[in-house]
Structures are given as C-alpha cells and as structure tokens.
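Notes for the one structure printed next.
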Amino acid sequence: MTIEYLKKADRRAETGQSDLQATVQALLAEIEQGGDAAARAHAQKFDGWTGPALVPQDALDAAAHQVPDKLKADIGFAHDNIRRFAEAQKVTIQPCELEVQPGFFAGQKHIPVSAAGCYVPGGRYSHIASAIMTITTAKVAGVDHITACSPPKPGIGIPPAILYTMQLCGADAVLNMGGVQGIASMAFGLFGLPRADMLVGPGNQYVAEAKRLLFGRVGIDMFAGPTDSMVVADGAADPHLVAWDLAGQAEHGYNSPVWLVTDDRALAESVMRLMPTIIAELPETNAKNAEAAWRDHGEVILCSDREEMAQVCDAYGPEHLHVQAADLDWWLGRLRSYGSLFLGEETTVAFGDKAAGPNHVLPTSGAARYTGGLSVHKYMKTVTWQRATRDGARPVAEATARISRLEGMEGHARTADIRLAKFFPQESFDLAASAD
C-alpha cells in the first residue's frame, strides 16, 4: 500500500519572497547608515514608539511590581526547568585531546560567543516563553553580554511580564524595538551596545528575513519559516486529543501547517470531523488563524504501517513531532528528522513551547532534516588547537610538504621545509611531490 492523502494542502507556506527581501534589505541599509537616529525613526513608524530606546533600570524594576505573584511563580517554574535543561546540555559539551602522532597533540575546546541578541516577539501574542528560551540558554552558555528586544506598545512599552522575564533570565540590556529595527540595532551595536555575534529568537516574516540577510556577518539560530507540527497516531489514539493538538498549533498563524499521519482510517476520519468544531471553540482571532491554517495547509496522511508512517515523518522533518501510538521506545529509536519529539498523550507540544525544559526555538520548513533547535551548543564555538614537540612535528611536516607541492601550494610546503631544516639540521629529507 502506498500512502494516501485523505486531506492534501492546497497551498505551501512560502517564505523569503523577493519583494519582502528587497524591503528588508532596504531597511537594514538605512539603519546601518543612519545608526541610532534611523532605528528610532523606524521604531516610531512601525511601533508607534517615541520613548527611550533602551529600557531604563527603574522601568525594569517597576515591571516586577506589576506582575501578579501567581504569574511570577509560573514564570519562575518555567525558567527553572529551562535553565536546568540547558545546564544538563552544557555538561555534555566536553573538551578533548588526542595524541595524533607521538609528540603531536591536537584538541578541541568550546568558547561561548561574546554577545548575543535575543528577539522576543510581540504582536498578536506576548511571548513570555520566548524570552525564557532565548535569554536563559545564552546565560547558561556563558555569553558575556545579552541584549533582548521586543516590540513596545504605543505609550506603554514592552509589557511588564516580558520585562520581568527578561530581567529574571539575565538580559544585560533591553531595547524597546521590534521588527527589522530591533534586529538591526542588535546586529549593528546601536545605542552603545556591543555588536551581537549571534541573533536568536522567533519573529514575523520581516524578522526572519532580516536574520537571513544578516547571516554571515552574524550567526543566527536558524532560517525560520512558519511554525509547523505533525501528530503521528495509531488506532488506539484519542481523536479528541489529536484534533486539539493539531488545532492548538494551527492557531499560531494562517500559514502554519499541521499534519496528521496515521495507519488507521477511522481515526483519521474522526479527527477530520472534529477539527471544524474544535477550531470554532477558540477565540475569534485564534480561530481565524487555525481555520485558515487547517484549510490551506493541513494534511491527513494514511499509511499502511508504522514504518511507512516513520518514513513520512522523516521526509517532512517537522518542527514539532508528537507520537500518540503504541511502543514509544520504538518511535524514539526509529525517528530521525524532527525539531522536538513529544512521546505519548501525556505530553503535548504546548508543554515544550512554554514550560517543560527543552527549547522551543526549533527548525521549520523541513530544516529538521539537517539541524536541531536552539541550545547552549548554538551559542558556543567548537574550536581546535594543536601543539607538538620537534620530534612529533617531523612526520607531519614531511607529509605536509609533499602534499602541498602536489597541490601546487609551494608557500605551504616551504613553511614545513624550514622547520625540518631548523629542527633537524644534520638530516636531509625527500620533500618532493610524488611523481606517481
């Protein structure tokens, strides 16, 4: 049996259109040339913000008093889980050393970037969780300076809960900047801040495109498209839970794909019947997003067995992959392409998005086939070193000289030659390129 689409997406979630690229490129150029004044002008134009670019300390302190204690406790709970998970990740990063040849040593070590810029989305939703995910992980990685930015609300600024979270998680500076102007301010080191070595965090298409265009000049977490989610379910899965898990992720936006992969036709048909009713239960804006996402980008894929289901998962490389099927250990061992994996009905993607511990900044648009999500590793550079005794350098120098000459790189060869001549003046060496 080949896979059967019971529901096929009518549209693809496209990103990086040429008109968007041109617009963002022009904005970046204006801000780079115009500096602080240009960034302020764009903040006024796009965010309606005329207040200070940098959030003053007294505003950060005041924000803490405006956040209810119950919300503070929830933020603290999530922060503690995410921090401890990041710390556990960091422990897995170890330096190493190898004696390549007797007397010739090589190794690697890990160095955190010096400065990071963390973008925290605003807009329709105030993403407290994104502040925790990006800033906390950078702090645990050992980044020296962390700048955070988020779109301010006209006349108000960044919502108090986000400001409180940014300070709790360890931001060294906070910018009242959203969109391209926020990304540019961190990348170019405006307002007296250090230039960011890394830009991280989710955002709208303008933010994603700005990061894409700046990549190379700075590091980024990943190229981001619309968020996507896949549920894998067998006949024993609860169709009500499956449908809600799909709808819960579809509310992200009109172009957020959600996919169901199953080997049970009855389950698939039940979920498809439930989706319109469940989506209608959401608040109006959320429902409109989820309805469009399900209508235009939702898919239901029927497979013959679990191996075929796993093949579909790996081919799609979903950002979020939720397995609600028997033998979870088999799935954990078999699946190869996903941003984050959720095993069993006892967990859900929203847990990972908000409070469980693993990071929610994840690869989208199939990028999970070649990269993972944000972690302490993303903030750290793996660098190598070497050291040798003169005897240890000898065989490496001989091989280097001959290989370099074969390649036509005489300068490289000479740097090996002169060391052999200096270290072993009484000896002669055959350093010509091999004729065979």
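Note on naming: chains are A, B, ... as they come in the structure tokens, residues start from 1 per chain, ligands start from 1 in the order shown.
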- List the neighbours of Ser126 of chain A out to 10 Å using only C-alpha atoms; skip same-chain residues closer than 3 positions along the sequence, and give me the result as a PyMOL selection string. chain A and resi 120-123+129-131+150-151+158-159+161-162
- Task: Using DSSP on the backbone coordinates, identify the residues of segment 142-196 of chain A assigned to strand (DSSP E or B); present them as an MDAnalysis selection string.
- Result: chainID A and resid 145:149 153 157 173:175
Using 9 Å as the limit and counting only C-alpha atoms, can you tabulate each residue of segment 27-53 of chain A that touches segment 174-194 of chain A, with its shortest atom-to-atom distance in Å and the two atoms involved, as a tab-separated table?
```
residue	atom	partner	partner_atom	distance
A:Leu27	CA	A:Val180	CA	7.1
A:Leu28	CA	A:Ala184	CA	6.3
A:Ile31	CA	A:Ala184	CA	6.8
A:Glu32	CA	A:Phe188	CA	6.7
A:Gly35	CA	A:Leu190	CA	6.5
A:Asp36	CA	A:Leu190	CA	5.8
A:Ala38	CA	A:Gln181	CA	8.5
A:Ala39	CA	A:Gln181	CA	5.4
A:Arg40	CA	A:Gln181	CA	8.1
A:His42	CA	A:Gln181	CA	6.4
A:Ala43	CA	A:Met177	CA	6.2
A:Phe46	CA	A:Gly179	CA	8.1
A:Asp47	CA	A:Gly178	CA	7.1
A:Trp49	CA	A:Asn176	CA	8.0
A:Gly51	CA	A:Asn176	CA	8.1
A:Pro52	CA	A:Asn176	CA	7.2
A:Ala53	CA	A:Asn176	CA	5.1
```
Deliver the residues from the most recent selection as a file, using N, CA and C atoms, as a CSV table (one decimal), in the first residue's frame.
```csv
chain,number,residue,atom,x,y,z
A,27,LEU,N,15.6,48.4,4.5
A,27,LEU,CA,15.5,48.9,5.9
A,27,LEU,C,16.8,48.7,6.6
A,28,LEU,N,17.5,47.5,6.4
A,28,LEU,CA,18.7,47.2,7.1
A,28,LEU,C,19.8,48.2,6.6
A,31,ILE,N,19.2,51.7,8.3
A,31,ILE,CA,19.5,51.7,9.7
A,31,ILE,C,21.0,51.6,9.9
A,32,GLU,N,21.7,50.8,9.1
A,32,GLU,CA,23.2,50.7,9.3
A,32,GLU,C,23.8,52.0,8.9
A,35,GLY,N,22.3,54.8,11.7
A,35,GLY,CA,22.6,54.5,13.1
A,35,GLY,C,21.4,54.7,14.0
A,36,ASP,N,21.6,55.2,15.2
A,36,ASP,CA,20.6,55.3,16.3
A,36,ASP,C,19.4,56.1,15.8
A,38,ALA,N,18.2,56.5,12.8
A,38,ALA,CA,17.4,55.8,11.8
A,38,ALA,C,16.6,54.7,12.6
A,39,ALA,N,17.2,54.0,13.5
A,39,ALA,CA,16.5,53.0,14.3
A,39,ALA,C,15.3,53.6,15.1
A,40,ARG,N,15.5,54.8,15.7
A,40,ARG,CA,14.5,55.5,16.4
A,40,ARG,C,13.3,55.8,15.5
A,42,HIS,N,12.4,54.4,12.7
A,42,HIS,CA,11.7,53.2,12.3
A,42,HIS,C,10.8,52.7,13.5
A,43,ALA,N,11.3,52.8,14.7
A,43,ALA,CA,10.5,52.4,15.8
A,43,ALA,C,9.3,53.3,16.0
A,46,PHE,N,6.9,52.1,12.8
A,46,PHE,CA,6.4,50.8,12.8
A,46,PHE,C,5.7,50.4,14.1
A,47,ASP,N,6.3,50.9,15.2
A,47,ASP,CA,5.8,50.5,16.6
A,47,ASP,C,5.0,51.6,17.2
A,49,TRP,N,6.4,54.1,18.7
A,49,TRP,CA,7.1,54.3,19.9
A,49,TRP,C,8.1,55.5,19.9
A,51,GLY,N,9.4,56.7,23.0
A,51,GLY,CA,10.1,56.7,24.3
A,51,GLY,C,11.5,56.3,24.1
A,52,PRO,N,12.2,56.0,25.3
A,52,PRO,CA,13.6,55.7,25.2
A,52,PRO,C,13.9,54.4,24.5
A,53,ALA,N,15.0,54.3,23.7
A,53,ALA,CA,15.3,53.1,23.0
A,53,ALA,C,15.7,52.0,24.0
```
- Which polymer residues have any atom within 12 Å of an atom of Pro95 of chain A, counting only C-alpha atoms, with same-chain residues fewer than 4 positions away left out, as a PyMOL selection string? chain A and resi 90-91+106-111+381-385
May I have the residues from that selection written out with all heavy atoms, as a CSV table (one decimal), in the first residue's frame?
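What landed in out-v3.csv:
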```
chain,number,residue,atom,x,y,z
A,90,LYS,N,24.8,21.6,28.7
A,90,LYS,CA,26.2,22.1,28.7
A,90,LYS,C,27.2,21.1,29.2
A,90,LYS,O,28.3,21.0,28.8
A,90,LYS,CB,26.2,23.4,29.5
A,90,LYS,CG,27.6,24.1,29.4
A,90,LYS,CD,27.6,25.4,30.2
A,90,LYS,CE,28.9,26.1,30.0
A,90,LYS,NZ,28.9,27.4,30.8
A,91,VAL,N,26.7,20.3,30.2
A,91,VAL,CA,27.6,19.2,30.8
A,91,VAL,C,28.0,18.2,29.7
A,91,VAL,O,29.1,17.6,29.8
A,91,VAL,CB,26.9,18.5,31.9
A,91,VAL,CG1,27.6,17.3,32.4
A,91,VAL,CG2,26.6,19.5,33.1
A,106,ALA,N,46.6,17.3,19.4
A,106,ALA,CA,45.6,18.1,18.8
A,106,ALA,C,44.3,18.0,19.7
A,106,ALA,O,44.1,17.0,20.4
A,106,ALA,CB,45.2,17.7,17.4
A,107,GLY,N,43.5,19.1,19.8
A,107,GLY,CA,42.3,19.0,20.6
A,107,GLY,C,41.3,20.0,20.2
A,107,GLY,O,41.5,20.7,19.2
A,108,GLN,N,40.2,20.0,21.0
A,108,GLN,CA,39.2,21.0,20.8
A,108,GLN,C,38.7,21.5,22.1
A,108,GLN,O,38.8,20.9,23.1
A,108,GLN,CB,38.0,20.4,20.0
A,108,GLN,CG,37.1,19.4,20.8
A,108,GLN,CD,35.9,19.0,20.0
A,108,GLN,OE1,35.9,19.0,18.8
A,108,GLN,NE2,34.9,18.6,20.7
A,109,LYS,N,38.2,22.7,22.1
A,109,LYS,CA,37.5,23.3,23.2
A,109,LYS,C,36.3,24.1,22.7
A,109,LYS,O,36.1,24.3,21.5
A,109,LYS,CB,38.5,24.2,24.0
A,109,LYS,CG,39.1,25.4,23.2
A,109,LYS,CD,40.1,26.2,23.9
A,109,LYS,CE,39.4,27.0,25.1
A,109,LYS,NZ,40.4,27.9,25.7
A,110,HIS,N,35.5,24.6,23.7
A,110,HIS,CA,34.3,25.3,23.3
A,110,HIS,C,34.2,26.6,24.0
A,110,HIS,O,34.4,26.8,25.2
A,110,HIS,CB,33.1,24.4,23.8
A,110,HIS,CG,33.1,23.0,23.3
A,110,HIS,ND1,32.7,22.7,22.1
A,110,HIS,CD2,33.6,21.9,23.9
A,110,HIS,CE1,32.9,21.4,21.9
A,110,HIS,NE2,33.4,20.9,23.0
A,111,ILE,N,34.0,27.7,23.2
A,111,ILE,CA,34.0,29.0,23.7
A,111,ILE,C,32.7,29.7,23.4
A,111,ILE,O,32.3,29.7,22.2
A,111,ILE,CB,35.2,29.9,23.0
A,111,ILE,CG1,36.5,29.2,23.2
A,111,ILE,CG2,35.2,31.3,23.5
A,111,ILE,CD1,37.6,29.8,22.4
A,381,LYS,N,31.2,28.1,20.2
A,381,LYS,CA,32.0,27.8,19.1
A,381,LYS,C,32.9,26.6,19.4
A,381,LYS,O,33.6,26.6,20.5
A,381,LYS,CB,32.9,29.0,18.7
A,381,LYS,CG,32.1,30.3,18.4
A,381,LYS,CD,33.1,31.4,18.2
A,381,LYS,CE,33.6,31.9,19.6
A,381,LYS,NZ,34.4,33.1,19.5
A,382,THR,N,32.9,25.6,18.6
A,382,THR,CA,33.8,24.5,18.8
A,382,THR,C,35.1,24.8,18.0
A,382,THR,O,35.1,24.9,16.8
A,382,THR,CB,33.2,23.2,18.3
A,382,THR,OG1,32.1,22.9,19.0
A,382,THR,CG2,34.2,22.0,18.5
A,383,VAL,N,36.2,25.1,18.7
A,383,VAL,CA,37.4,25.5,18.1
A,383,VAL,C,38.5,24.4,18.4
A,383,VAL,O,38.4,23.6,19.4
A,383,VAL,CB,37.9,26.8,18.6
A,383,VAL,CG1,36.9,27.9,18.3
A,383,VAL,CG2,38.1,26.8,20.2
A,384,THR,N,39.5,24.3,17.6
A,384,THR,CA,40.5,23.3,17.7
A,384,THR,C,41.9,24.0,17.9
A,384,THR,O,42.1,25.1,17.7
A,384,THR,CB,40.6,22.5,16.4
A,384,THR,OG1,40.9,23.3,15.3
A,384,THR,CG2,39.3,21.7,16.2
A,385,TRP,N,42.8,23.2,18.5
A,385,TRP,CA,44.2,23.6,18.7
A,385,TRP,C,45.2,22.5,18.5
A,385,TRP,O,44.8,21.3,18.4
A,385,TRP,CB,44.3,24.2,20.1
A,385,TRP,CG,44.0,23.2,21.2
A,385,TRP,CD1,42.8,23.0,21.8
A,385,TRP,CD2,44.8,22.1,21.8
A,385,TRP,NE1,42.8,22.0,22.7
A,385,TRP,CE2,44.1,21.4,22.7
A,385,TRP,CE3,46.2,21.8,21.6
A,385,TRP,CZ2,44.6,20.4,23.5
A,385,TRP,CZ3,46.7,20.7,22.3
A,385,TRP,CH2,45.9,20.0,23.2
```
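Nearest to Leu282 of chain A of all the residues A:Val140, A:Ala208, A:Ala247, A:Val258 is A:Ala247, based on only C-alpha atoms.
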- Item | Among listed residues A:Leu321, A:Cys169, A:Ala243, A:Val100, nearest Met275 of chain A (using only C-alpha atoms) |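 Looking at the shortest contact to Met275 of chain A, the residue is A:Ala243.
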- Task: Record the distance separating atom CA of Tyr206 of chain A and atom CA of His252 of chain A, expressed in Å with one decimal.
- Result: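 A separation of 16.2 Å between them.
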- With distances taken over only C-alpha atoms, which of A:His322, A:Thr227, A:Val24, A:Met380 is nearest to Leu343 of chain A?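 Among the listed residues, the smallest separation from Leu343 of chain A belongs to A:His322.
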- Write out as a PyMOL selection string each polymer residue whose atoms come within 10 Å of Thr371 of chain A, counting only C-alpha atoms; drop sequence neighbours fewer than 5 positions from it. chain A and resi 221-222+317+337-339+362-364+366
- Query: Which residue gives the smallest distance to Leu163 of chain A among A:Ala148, A:Ala292, A:Ala29, A:Val312, with only C-alpha atoms counted?
  - Reply: A:Ala148
- Counting only C-alpha atoms, what is within 7 Å of His145 of chain A, bar same-chain residues fewer than 4 positions away, as a PyMOL selection string? chain A and resi 114-116+172
Go ahead and dump the residues you just picked, N, CA, C and O atoms, as a short mmCIF file (atom, residue, chain, number, x, y, z; two decimals), in the first residue's frame.
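Writing the result to again33.cif gives the following:
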```cif
data_model
loop_
_atom_site.label_atom_id
_atom_site.label_comp_id
_atom_site.auth_asym_id
_atom_site.auth_seq_id
_atom_site.Cartn_x
_atom_site.Cartn_y
_atom_site.Cartn_z
N SER A 114 30.67 36.18 22.45
CA SER A 114 30.80 37.29 23.40
C SER A 114 29.49 38.04 23.61
O SER A 114 29.22 38.51 24.71
N ALA A 115 28.69 38.18 22.55
CA ALA A 115 27.46 38.96 22.67
C ALA A 115 26.35 38.29 21.86
O ALA A 115 26.58 37.83 20.74
N ALA A 116 25.16 38.27 22.43
CA ALA A 116 24.00 37.68 21.76
C ALA A 116 22.85 38.67 21.76
O ALA A 116 22.69 39.46 22.71
N ASP A 172 21.23 41.68 29.88
CA ASP A 172 22.06 42.80 30.33
C ASP A 172 21.52 44.14 29.86
O ASP A 172 21.81 45.17 30.45
#
```
- Item | Distance in Å - atom CA of Asn359 of chain A versus atom CA of Asp327 of chain A |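 Distance between the two atoms: 25.0 Å.
Near Gly298 of chain A, within a cut-off of 7 Å and counting only C-alpha atoms, sit the residues Lys8, Ala9, Pro257, Val258, Trp259, Ala293, Trp294 and Arg295 of chain A, with same-chain residues fewer than 3 positions away left out.
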Could you save the residues just selected, with N, CA, C and O atoms, as a PDB file, in the first residue's frame?
```
ATOM      1  N   LYS A   8      -5.184  16.977   1.543  1.00  0.00           N
ATOM      2  CA  LYS A   8      -3.932  17.465   0.956  1.00  0.00           C
ATOM      3  C   LYS A   8      -3.910  18.984   1.034  1.00  0.00           C
ATOM      4  O   LYS A   8      -4.920  19.640   0.780  1.00  0.00           O
ATOM      5  N   ALA A   9      -2.749  19.547   1.376  1.00  0.00           N
ATOM      6  CA  ALA A   9      -2.620  21.003   1.484  1.00  0.00           C
ATOM      7  C   ALA A   9      -2.865  21.653   0.126  1.00  0.00           C
ATOM      8  O   ALA A   9      -2.351  21.200  -0.897  1.00  0.00           O
ATOM      9  N   PRO A 257       1.461  25.086   8.992  1.00  0.00           N
ATOM     10  CA  PRO A 257       0.987  23.743   8.629  1.00  0.00           C
ATOM     11  C   PRO A 257       0.842  22.829   9.844  1.00  0.00           C
ATOM     12  O   PRO A 257       1.675  22.863  10.760  1.00  0.00           O
ATOM     13  N   VAL A 258      -0.200  22.016   9.834  1.00  0.00           N
ATOM     14  CA  VAL A 258      -0.357  20.925  10.804  1.00  0.00           C
ATOM     15  C   VAL A 258      -0.715  19.671  10.023  1.00  0.00           C
ATOM     16  O   VAL A 258      -1.505  19.709   9.078  1.00  0.00           O
ATOM     17  N   TRP A 259      -0.103  18.554  10.429  1.00  0.00           N
ATOM     18  CA  TRP A 259      -0.252  17.313   9.666  1.00  0.00           C
ATOM     19  C   TRP A 259      -0.582  16.154  10.610  1.00  0.00           C
ATOM     20  O   TRP A 259      -0.009  16.049  11.706  1.00  0.00           O
ATOM     21  N   ALA A 293      -5.182  27.952   8.557  1.00  0.00           N
ATOM     22  CA  ALA A 293      -4.044  27.029   8.543  1.00  0.00           C
ATOM     23  C   ALA A 293      -4.505  25.605   8.221  1.00  0.00           C
ATOM     24  O   ALA A 293      -3.869  24.902   7.423  1.00  0.00           O
ATOM     25  N   TRP A 294      -5.598  25.182   8.824  1.00  0.00           N
ATOM     26  CA  TRP A 294      -6.112  23.833   8.582  1.00  0.00           C
ATOM     27  C   TRP A 294      -6.663  23.701   7.167  1.00  0.00           C
ATOM     28  O   TRP A 294      -6.409  22.716   6.479  1.00  0.00           O
ATOM     29  N   ARG A 295      -7.376  24.722   6.723  1.00  0.00           N
ATOM     30  CA  ARG A 295      -7.965  24.676   5.385  1.00  0.00           C
ATOM     31  C   ARG A 295      -6.887  24.646   4.290  1.00  0.00           C
ATOM     32  O   ARG A 295      -6.952  23.833   3.368  1.00  0.00           O
TER      33      ARG A 295
END
```
- Item | From A:Asp263, A:Glu299, A:Thr50, A:Gly253, residue lying nearest Thr285 of chain A [only C-alpha atoms] | A:Gly253
- Task: Find the residue from A:Gly201, A:Pro56, A:Gly352, A:Pro102 that sits nearest to Ala173 of chain A; use only C-alpha atoms when measuring.
- Result: A:Pro56
- Query: Out of segment 115-350 of chain A, which residues get alpha helix (DSSP H) from DSSP, as a ChimeraX atom specification?
  - Reply: /A:128-141,160-169,179-188,205-214,239-250,265-280,284-297,306-316,328-334,349-350
- Contacts of segment 80-85 of chain A within 12 Å, only C-alpha atoms, excl. fewer than 6 positions in-chain, as a ChimeraX atom specification: /A:72-74,91-92,129-141,165,168-170,351-360,374-376
